[in-house]
$ cat target31.txt   # compact mmCIF, N, CA and C atoms
# COMPACT_ATOMS: atom_id res chain seq x y z
N MET A 50 0.53 -8.27 85.47
CA MET A 50 1.63 -8.41 86.41
C MET A 50 2.92 -8.72 85.65
N PHE A 51 2.93 -9.80 84.87
CA PHE A 51 4.07 -10.13 84.01
C PHE A 51 3.51 -10.33 82.60
N PRO A 52 3.45 -9.29 81.81
CA PRO A 52 2.87 -9.38 80.47
C PRO A 52 3.49 -10.50 79.63
N GLY A 53 2.63 -11.22 78.94
CA GLY A 53 3.08 -12.28 78.05
C GLY A 53 3.25 -13.63 78.71
N SER A 54 3.12 -13.71 80.02
CA SER A 54 3.26 -14.98 80.71
C SER A 54 1.90 -15.41 81.25
N PRO A 55 1.49 -16.65 80.98
CA PRO A 55 0.20 -17.13 81.48
C PRO A 55 0.24 -17.61 82.92
N GLU A 56 1.41 -17.47 83.57
CA GLU A 56 1.54 -17.92 84.95
C GLU A 56 2.59 -17.09 85.69
N ILE A 57 2.47 -17.12 87.01
CA ILE A 57 3.49 -16.51 87.85
C ILE A 57 4.07 -17.60 88.73
N VAL A 58 5.28 -17.38 89.19
CA VAL A 58 5.94 -18.34 90.05
C VAL A 58 6.25 -17.65 91.37
N ILE A 59 5.76 -18.24 92.45
CA ILE A 59 6.12 -17.79 93.79
C ILE A 59 7.32 -18.61 94.20
N GLN A 60 8.44 -17.95 94.42
CA GLN A 60 9.67 -18.65 94.75
C GLN A 60 9.82 -18.79 96.27
N GLY A 61 10.39 -19.89 96.69
CA GLY A 61 10.60 -20.15 98.12
C GLY A 61 11.86 -19.52 98.66
N VAL A 62 12.08 -18.28 98.27
CA VAL A 62 13.22 -17.51 98.76
C VAL A 62 12.72 -16.10 99.02
N THR A 63 13.16 -15.54 100.15
CA THR A 63 12.69 -14.20 100.52
C THR A 63 13.43 -13.13 99.74
N GLU A 64 12.89 -11.94 99.78
CA GLU A 64 13.52 -10.80 99.11
C GLU A 64 14.95 -10.59 99.61
N SER A 65 15.23 -10.97 100.86
CA SER A 65 16.58 -10.83 101.42
C SER A 65 17.48 -12.02 101.09
N GLY A 66 16.93 -13.02 100.34
CA GLY A 66 17.73 -14.14 99.87
C GLY A 66 17.74 -15.36 100.76
N HIS A 67 16.92 -15.38 101.80
CA HIS A 67 16.87 -16.53 102.70
C HIS A 67 15.84 -17.55 102.22
N PRO A 68 16.14 -18.86 102.39
CA PRO A 68 15.15 -19.89 102.03
C PRO A 68 13.92 -19.76 102.92
N PHE A 69 12.76 -19.95 102.33
CA PHE A 69 11.51 -19.88 103.09
C PHE A 69 11.28 -21.22 103.78
N ARG A 70 10.84 -21.18 105.00
CA ARG A 70 10.58 -22.37 105.80
C ARG A 70 9.13 -22.40 106.22
N PRO A 71 8.52 -23.55 106.40
CA PRO A 71 9.11 -24.88 106.40
C PRO A 71 9.42 -25.35 104.98
N SER A 72 10.22 -26.38 104.88
CA SER A 72 10.68 -26.84 103.56
C SER A 72 9.54 -27.38 102.69
N ASP A 73 8.42 -27.76 103.28
CA ASP A 73 7.29 -28.28 102.49
C ASP A 73 6.20 -27.23 102.27
N TRP A 74 6.57 -25.95 102.35
CA TRP A 74 5.59 -24.87 102.23
C TRP A 74 4.82 -24.94 100.91
N ALA A 75 5.50 -25.28 99.81
CA ALA A 75 4.85 -25.28 98.50
C ALA A 75 3.76 -26.35 98.43
N GLU A 76 4.06 -27.53 98.95
CA GLU A 76 3.07 -28.61 98.95
C GLU A 76 1.90 -28.27 99.86
N ARG A 77 2.19 -27.65 101.00
CA ARG A 77 1.12 -27.23 101.91
C ARG A 77 0.21 -26.20 101.25
N LEU A 78 0.83 -25.21 100.60
CA LEU A 78 0.04 -24.17 99.95
C LEU A 78 -0.82 -24.75 98.83
N CYS A 79 -0.25 -25.61 98.01
CA CYS A 79 -1.02 -26.23 96.94
C CYS A 79 -2.08 -27.18 97.50
N GLY A 80 -1.79 -27.79 98.62
CA GLY A 80 -2.74 -28.69 99.26
C GLY A 80 -4.01 -28.00 99.69
N MET A 81 -3.93 -26.70 99.93
CA MET A 81 -5.12 -25.95 100.34
C MET A 81 -6.19 -25.94 99.25
N MET A 82 -5.78 -26.10 98.00
CA MET A 82 -6.73 -26.07 96.89
C MET A 82 -6.88 -27.45 96.25
N SER A 83 -6.45 -28.50 96.95
CA SER A 83 -6.57 -29.86 96.44
C SER A 83 -8.01 -30.34 96.55
N VAL A 84 -8.34 -31.31 95.71
CA VAL A 84 -9.68 -31.89 95.74
C VAL A 84 -9.56 -33.42 95.66
N PHE A 85 -10.54 -34.10 96.24
CA PHE A 85 -10.60 -35.55 96.11
C PHE A 85 -11.39 -35.87 94.86
N GLY A 86 -10.80 -36.71 94.01
CA GLY A 86 -11.45 -37.13 92.78
C GLY A 86 -12.37 -38.30 93.01
N GLU A 87 -13.00 -38.75 91.95
CA GLU A 87 -13.91 -39.90 92.04
C GLU A 87 -13.18 -41.17 92.46
N ASP A 88 -11.86 -41.20 92.22
CA ASP A 88 -11.05 -42.36 92.62
C ASP A 88 -10.59 -42.26 94.07
N SER A 89 -11.11 -41.28 94.80
CA SER A 89 -10.78 -41.04 96.21
C SER A 89 -9.32 -40.68 96.44
N ARG A 90 -8.68 -40.16 95.40
CA ARG A 90 -7.30 -39.71 95.51
C ARG A 90 -7.27 -38.19 95.50
N LEU A 91 -6.36 -37.66 96.30
CA LEU A 91 -6.20 -36.22 96.39
C LEU A 91 -5.38 -35.72 95.20
N SER A 92 -5.86 -34.68 94.53
CA SER A 92 -5.16 -34.11 93.38
C SER A 92 -5.02 -32.60 93.56
N TYR A 93 -3.88 -32.08 93.14
CA TYR A 93 -3.68 -30.63 93.17
C TYR A 93 -4.62 -29.97 92.17
N SER A 94 -4.94 -28.73 92.43
CA SER A 94 -5.71 -27.93 91.49
C SER A 94 -4.93 -27.80 90.18
N PRO A 95 -5.60 -27.77 89.05
CA PRO A 95 -4.88 -27.58 87.79
C PRO A 95 -4.32 -26.16 87.66
N TYR A 96 -4.67 -25.27 88.57
CA TYR A 96 -4.23 -23.88 88.50
C TYR A 96 -3.10 -23.55 89.46
N LEU A 97 -2.65 -24.54 90.21
CA LEU A 97 -1.64 -24.31 91.23
C LEU A 97 -0.83 -25.59 91.37
N LYS A 98 0.49 -25.50 91.20
CA LYS A 98 1.30 -26.71 91.34
C LYS A 98 2.66 -26.41 91.93
N PRO A 99 3.13 -27.29 92.82
CA PRO A 99 4.47 -27.12 93.38
C PRO A 99 5.52 -27.63 92.39
N ILE A 100 6.62 -26.94 92.30
CA ILE A 100 7.72 -27.37 91.43
C ILE A 100 9.05 -27.06 92.12
N MET A 101 10.11 -27.64 91.60
CA MET A 101 11.47 -27.27 91.97
C MET A 101 12.06 -26.58 90.75
N ALA A 102 12.62 -25.41 90.93
CA ALA A 102 13.23 -24.67 89.83
C ALA A 102 14.57 -24.11 90.32
N GLY A 103 15.63 -24.56 89.72
CA GLY A 103 16.95 -24.10 90.12
C GLY A 103 17.27 -24.43 91.57
N GLY A 104 16.75 -25.56 92.06
CA GLY A 104 16.99 -25.97 93.43
C GLY A 104 16.15 -25.24 94.46
N ILE A 105 15.18 -24.45 94.00
CA ILE A 105 14.32 -23.69 94.90
C ILE A 105 12.89 -24.21 94.78
N ARG A 106 12.26 -24.45 95.92
CA ARG A 106 10.84 -24.84 95.91
C ARG A 106 10.03 -23.63 95.47
N CYS A 107 9.07 -23.88 94.59
CA CYS A 107 8.25 -22.81 94.04
C CYS A 107 6.81 -23.30 93.90
N VAL A 108 5.91 -22.35 93.70
CA VAL A 108 4.53 -22.65 93.36
C VAL A 108 4.20 -21.89 92.08
N VAL A 109 3.74 -22.62 91.08
CA VAL A 109 3.31 -22.03 89.81
C VAL A 109 1.82 -21.75 89.91
N VAL A 110 1.44 -20.51 89.63
CA VAL A 110 0.05 -20.10 89.68
C VAL A 110 -0.40 -19.74 88.27
N ASP A 111 -1.38 -20.47 87.75
CA ASP A 111 -1.95 -20.17 86.45
C ASP A 111 -2.79 -18.90 86.61
N LEU A 112 -2.52 -17.90 85.77
CA LEU A 112 -3.20 -16.61 85.91
C LEU A 112 -4.70 -16.67 85.62
N ARG A 113 -5.17 -17.77 85.03
CA ARG A 113 -6.63 -17.91 84.83
C ARG A 113 -7.35 -18.00 86.17
N LEU A 114 -6.62 -18.37 87.22
CA LEU A 114 -7.22 -18.45 88.55
C LEU A 114 -7.76 -17.10 89.00
N GLU A 115 -7.13 -16.02 88.55
CA GLU A 115 -7.59 -14.69 88.94
C GLU A 115 -9.04 -14.45 88.55
N ASN A 116 -9.46 -14.94 87.41
CA ASN A 116 -10.86 -14.79 86.96
C ASN A 116 -11.77 -15.86 87.54
N LEU A 117 -11.23 -17.07 87.71
CA LEU A 117 -12.05 -18.18 88.21
C LEU A 117 -12.32 -18.10 89.71
N ASP A 118 -11.32 -17.68 90.47
CA ASP A 118 -11.47 -17.61 91.93
C ASP A 118 -10.63 -16.43 92.44
N PRO A 119 -11.16 -15.21 92.28
CA PRO A 119 -10.40 -14.00 92.66
C PRO A 119 -9.93 -14.02 94.11
N ALA A 120 -10.72 -14.55 95.02
CA ALA A 120 -10.33 -14.57 96.43
C ALA A 120 -9.11 -15.47 96.64
N ALA A 121 -9.08 -16.63 95.99
CA ALA A 121 -7.94 -17.53 96.10
C ALA A 121 -6.69 -16.88 95.50
N PHE A 122 -6.85 -16.23 94.37
CA PHE A 122 -5.73 -15.56 93.73
C PHE A 122 -5.17 -14.45 94.62
N ARG A 123 -6.05 -13.65 95.20
CA ARG A 123 -5.60 -12.59 96.11
C ARG A 123 -4.90 -13.17 97.34
N PHE A 124 -5.43 -14.30 97.85
CA PHE A 124 -4.80 -14.96 98.99
C PHE A 124 -3.36 -15.36 98.66
N LEU A 125 -3.16 -15.95 97.48
CA LEU A 125 -1.82 -16.40 97.10
C LEU A 125 -0.85 -15.22 96.98
N LEU A 126 -1.30 -14.13 96.37
CA LEU A 126 -0.44 -12.95 96.26
C LEU A 126 -0.17 -12.34 97.63
N ALA A 127 -1.16 -12.32 98.50
CA ALA A 127 -0.97 -11.79 99.85
C ALA A 127 -0.01 -12.68 100.64
N PHE A 128 -0.10 -13.99 100.45
CA PHE A 128 0.82 -14.91 101.10
C PHE A 128 2.26 -14.59 100.69
N ALA A 129 2.47 -14.42 99.39
CA ALA A 129 3.81 -14.09 98.89
C ALA A 129 4.28 -12.75 99.45
N ARG A 130 3.41 -11.76 99.43
CA ARG A 130 3.77 -10.43 99.92
C ARG A 130 4.06 -10.45 101.42
N ASP A 131 3.19 -11.07 102.19
CA ASP A 131 3.34 -11.10 103.65
C ASP A 131 4.61 -11.83 104.08
N ASN A 132 5.02 -12.82 103.29
CA ASN A 132 6.22 -13.58 103.62
C ASN A 132 7.45 -13.10 102.84
N GLU A 133 7.29 -11.99 102.13
CA GLU A 133 8.37 -11.37 101.37
C GLU A 133 9.02 -12.34 100.38
N LEU A 134 8.18 -13.16 99.72
CA LEU A 134 8.67 -14.12 98.75
C LEU A 134 8.81 -13.47 97.39
N LYS A 135 9.80 -13.91 96.66
CA LYS A 135 10.02 -13.37 95.31
C LYS A 135 9.00 -13.95 94.34
N LEU A 136 8.60 -13.12 93.38
CA LEU A 136 7.72 -13.53 92.29
C LEU A 136 8.48 -13.38 90.99
N ARG A 137 8.20 -14.24 90.04
CA ARG A 137 8.78 -14.10 88.71
C ARG A 137 7.77 -14.62 87.70
N PRO A 138 7.94 -14.23 86.43
CA PRO A 138 7.03 -14.78 85.42
C PRO A 138 7.31 -16.26 85.22
N GLY A 139 6.27 -16.97 84.82
CA GLY A 139 6.42 -18.39 84.51
C GLY A 139 6.75 -18.58 83.05
N ARG A 140 6.55 -19.78 82.58
CA ARG A 140 6.83 -20.10 81.18
C ARG A 140 5.85 -19.39 80.25
N LYS A 141 6.32 -19.07 79.09
CA LYS A 141 5.44 -18.50 78.08
C LYS A 141 4.73 -19.61 77.30
N ASP A 142 5.38 -20.77 77.22
CA ASP A 142 4.81 -21.93 76.53
C ASP A 142 4.15 -22.85 77.53
N LYS A 143 3.29 -23.72 77.02
CA LYS A 143 2.65 -24.70 77.89
C LYS A 143 3.69 -25.66 78.42
N ARG A 144 3.46 -26.15 79.62
CA ARG A 144 4.34 -27.15 80.21
C ARG A 144 4.12 -28.47 79.48
N PRO A 145 5.14 -29.32 79.40
CA PRO A 145 4.99 -30.60 78.66
C PRO A 145 3.80 -31.42 79.12
N GLU A 146 3.55 -31.48 80.43
CA GLU A 146 2.42 -32.28 80.91
C GLU A 146 1.08 -31.67 80.51
N ASP A 147 1.05 -30.34 80.32
CA ASP A 147 -0.19 -29.68 79.89
C ASP A 147 -0.44 -29.93 78.42
N THR A 148 0.61 -29.92 77.61
CA THR A 148 0.49 -30.14 76.17
C THR A 148 0.04 -31.58 75.90
N ALA A 149 0.59 -32.54 76.63
CA ALA A 149 0.23 -33.94 76.44
C ALA A 149 -1.24 -34.18 76.75
N ALA A 150 -1.79 -33.40 77.67
CA ALA A 150 -3.18 -33.58 78.07
C ALA A 150 -4.11 -32.72 77.23
N GLY A 151 -3.56 -31.92 76.31
CA GLY A 151 -4.40 -31.08 75.48
C GLY A 151 -4.84 -29.82 76.20
N GLY A 152 -4.16 -29.44 77.22
CA GLY A 152 -4.50 -28.26 78.01
C GLY A 152 -4.03 -28.49 79.42
N ILE A 153 -4.51 -27.69 80.35
CA ILE A 153 -4.15 -27.88 81.75
C ILE A 153 -4.75 -29.19 82.22
N ALA A 154 -3.96 -30.01 82.82
CA ALA A 154 -4.46 -31.29 83.33
C ALA A 154 -5.42 -31.06 84.48
N ALA A 155 -6.58 -31.63 84.39
CA ALA A 155 -7.58 -31.50 85.44
C ALA A 155 -7.42 -32.64 86.43
N PRO A 156 -7.87 -32.43 87.67
CA PRO A 156 -7.82 -33.53 88.62
C PRO A 156 -8.64 -34.70 88.11
N SER A 157 -8.28 -35.88 88.51
CA SER A 157 -8.98 -37.09 88.08
C SER A 157 -10.47 -36.96 88.37
N GLY A 158 -11.27 -37.23 87.37
CA GLY A 158 -12.72 -37.17 87.54
C GLY A 158 -13.29 -35.80 87.21
N ALA A 159 -12.42 -34.81 86.97
CA ALA A 159 -12.90 -33.48 86.64
C ALA A 159 -12.64 -33.22 85.16
N PRO A 160 -13.49 -32.44 84.51
CA PRO A 160 -13.26 -32.16 83.09
C PRO A 160 -12.04 -31.27 82.92
N ALA A 161 -11.30 -31.51 81.86
CA ALA A 161 -10.12 -30.67 81.55
C ALA A 161 -10.59 -29.32 81.03
N THR A 162 -9.81 -28.30 81.33
CA THR A 162 -10.12 -26.97 80.81
C THR A 162 -9.01 -26.59 79.86
N GLY A 163 -9.30 -25.72 78.93
CA GLY A 163 -8.26 -25.40 77.96
C GLY A 163 -8.13 -24.01 77.69
$ encode --input "target31.txt" --output "structure tokens"
Amino acid sequence: MFPGSPEIVIQGVTESGHPFRPSDWAERLCGMMSVFGEDSRLSYSPYLKPIMAGGIRCVVVDLRLENLDPAAFRFLLAFARDNELKLRPGRKDKRPEDTAAGGIAAPSGAPATG
């Protein structure tokens, strides 16, 4: 999809330039793949995270999800397509929080993957 990038970003802006609503859409979408850890706290999937980029709510999707859970990956792309949301490549380098953890940070109580 975006060669050289290990992630894609679903932007909270439509192809026509309008902000996507509701304003908490990114957290809701990421919440669908959240899990409760051993500490009974809800954690986002290490493959999906809400961010703010340039003042726009976005969801970063780790492309490894396509192999790990093809149905979830297809759902995310269909969500973006159906809502006419813009897609862009993500970072080419690891995010600072991923580097500090030695890879993608896993939810509490789950093993880290690298």
$ atom_distance --input "target31.txt" --atom1 "atom N of A:Arg113" --atom2 "atom N of A:Glu64"
24.0 Å
$ atom_distance --input "target31.txt" --atom1 "atom C of A:Asn132" --atom2 "atom C of A:Arg70"
10.0 Å
$ residues_around --input "target31.txt" --residues "A:Leu112" --least-positions-apart "4" --cutoff "6 Å" --atoms "all atoms listed in the file" --output "compact mmCIF listing (two decimals) with N, CA and C atoms, keeping the file's coordinate frame"
# COMPACT_ATOMS: atom_id res chain seq x y z
N PRO A 55 1.49 -16.65 80.98
CA PRO A 55 0.20 -17.13 81.48
C PRO A 55 0.24 -17.61 82.92
N GLU A 56 1.41 -17.47 83.57
CA GLU A 56 1.54 -17.92 84.95
C GLU A 56 2.59 -17.09 85.69
N ILE A 57 2.47 -17.12 87.01
CA ILE A 57 3.49 -16.51 87.85
C ILE A 57 4.07 -17.60 88.73
N ASN A 116 -9.46 -14.94 87.41
CA ASN A 116 -10.86 -14.79 86.96
C ASN A 116 -11.77 -15.86 87.54
$ residues_around --input "target31.txt" --residues "A:Ile100" --least-positions-apart "3" --cutoff "9 Å" --atoms "only C-alpha atoms" --output "MDAnalysis selection string"
chainID A and resid 75:76 105:109
$ atom_distance --input "target31.txt" --atom1 "atom CA of A:Glu133" --atom2 "atom C of A:Phe51"
19.4 Å
$ residues_around --input "target31.txt" --residues "A:Tyr96" --least-positions-apart "4" --cutoff "6.5 Å" --atoms "only N, CA and C atoms" --output "VMD selection string"
chain A and resid 109 to 111 114
$ closest_residue --input "target31.txt" --among "A:Gly61, A:Glu115, A:Gly80, A:Ser54" --to "A:Ser94" --atoms "all atoms listed in the file"
A:Gly80
$ residues_around --input "target31.txt" --residues "stretch 90-93 of chain A" --least-positions-apart "4" --cutoff "6.5 Å" --atoms "only N, CA and C atoms" --output "PDB file with N, CA and C atoms, keeping the file's coordinate frame"
ATOM      1  N   CYS A  79      -0.250 -25.610  98.010  1.00  0.00           N
ATOM      2  CA  CYS A  79      -1.020 -26.230  96.940  1.00  0.00           C
ATOM      3  C   CYS A  79      -2.080 -27.180  97.500  1.00  0.00           C
ATOM      4  N   GLY A  80      -1.790 -27.790  98.620  1.00  0.00           N
ATOM      5  CA  GLY A  80      -2.740 -28.690  99.260  1.00  0.00           C
ATOM      6  C   GLY A  80      -4.010 -28.000  99.690  1.00  0.00           C
ATOM      7  N   MET A  82      -5.780 -26.100  98.000  1.00  0.00           N
ATOM      8  CA  MET A  82      -6.730 -26.070  96.890  1.00  0.00           C
ATOM      9  C   MET A  82      -6.880 -27.450  96.250  1.00  0.00           C
ATOM     10  N   SER A  83      -6.450 -28.500  96.950  1.00  0.00           N
ATOM     11  CA  SER A  83      -6.570 -29.860  96.440  1.00  0.00           C
ATOM     12  C   SER A  83      -8.010 -30.340  96.550  1.00  0.00           C
ATOM     13  N   VAL A  84      -8.340 -31.310  95.710  1.00  0.00           N
ATOM     14  CA  VAL A  84      -9.680 -31.890  95.740  1.00  0.00           C
ATOM     15  C   VAL A  84      -9.560 -33.420  95.660  1.00  0.00           C
ATOM     16  N   PHE A  85     -10.540 -34.100  96.240  1.00  0.00           N
ATOM     17  CA  PHE A  85     -10.600 -35.550  96.110  1.00  0.00           C
ATOM     18  C   PHE A  85     -11.390 -35.870  94.860  1.00  0.00           C
ATOM     19  N   GLY A  86     -10.800 -36.710  94.010  1.00  0.00           N
ATOM     20  CA  GLY A  86     -11.450 -37.130  92.780  1.00  0.00           C
ATOM     21  C   GLY A  86     -12.370 -38.300  93.010  1.00  0.00           C
ATOM     22  N   LEU A  97      -2.650 -24.540  90.210  1.00  0.00           N
ATOM     23  CA  LEU A  97      -1.640 -24.310  91.230  1.00  0.00           C
ATOM     24  C   LEU A  97      -0.830 -25.590  91.370  1.00  0.00           C
ATOM     25  N   PRO A 156      -7.870 -32.430  87.670  1.00  0.00           N
ATOM     26  CA  PRO A 156      -7.820 -33.530  88.620  1.00  0.00           C
ATOM     27  C   PRO A 156      -8.640 -34.700  88.110  1.00  0.00           C
ATOM     28  N   SER A 157      -8.280 -35.880  88.510  1.00  0.00           N
ATOM     29  CA  SER A 157      -8.980 -37.090  88.080  1.00  0.00           C
ATOM     30  C   SER A 157     -10.470 -36.960  88.370  1.00  0.00           C
TER      31      SER A 157
END
$ closest_residue --input "target31.txt" --among "A:Trp74, A:Phe122, A:Ala129, A:Glu87" --to "A:Pro99" --atoms "only N, CA and C atoms"
A:Trp74
$ axis_aligned_box --input "target31.txt" --around "stretch 121-129 of chain A" --padding-each-side "5 Å" --output "JSON"
{"center_x": -2.4, "center_y": -14.7, "center_z": 97.4, "size_x": 23.4, "size_y": 15.7, "size_z": 17.4}
$ closest_residue --input "target31.txt" --among "A:Gly104, A:Asp118, A:Arg130, A:Lys141" --to "A:Ser72" --atoms "only C-alpha atoms"
A:Gly104
$ select_by_dssp --input "target31.txt" --residues "chain A" --states "helix (DSSP H, G or I)" --output "count of residues only"
29
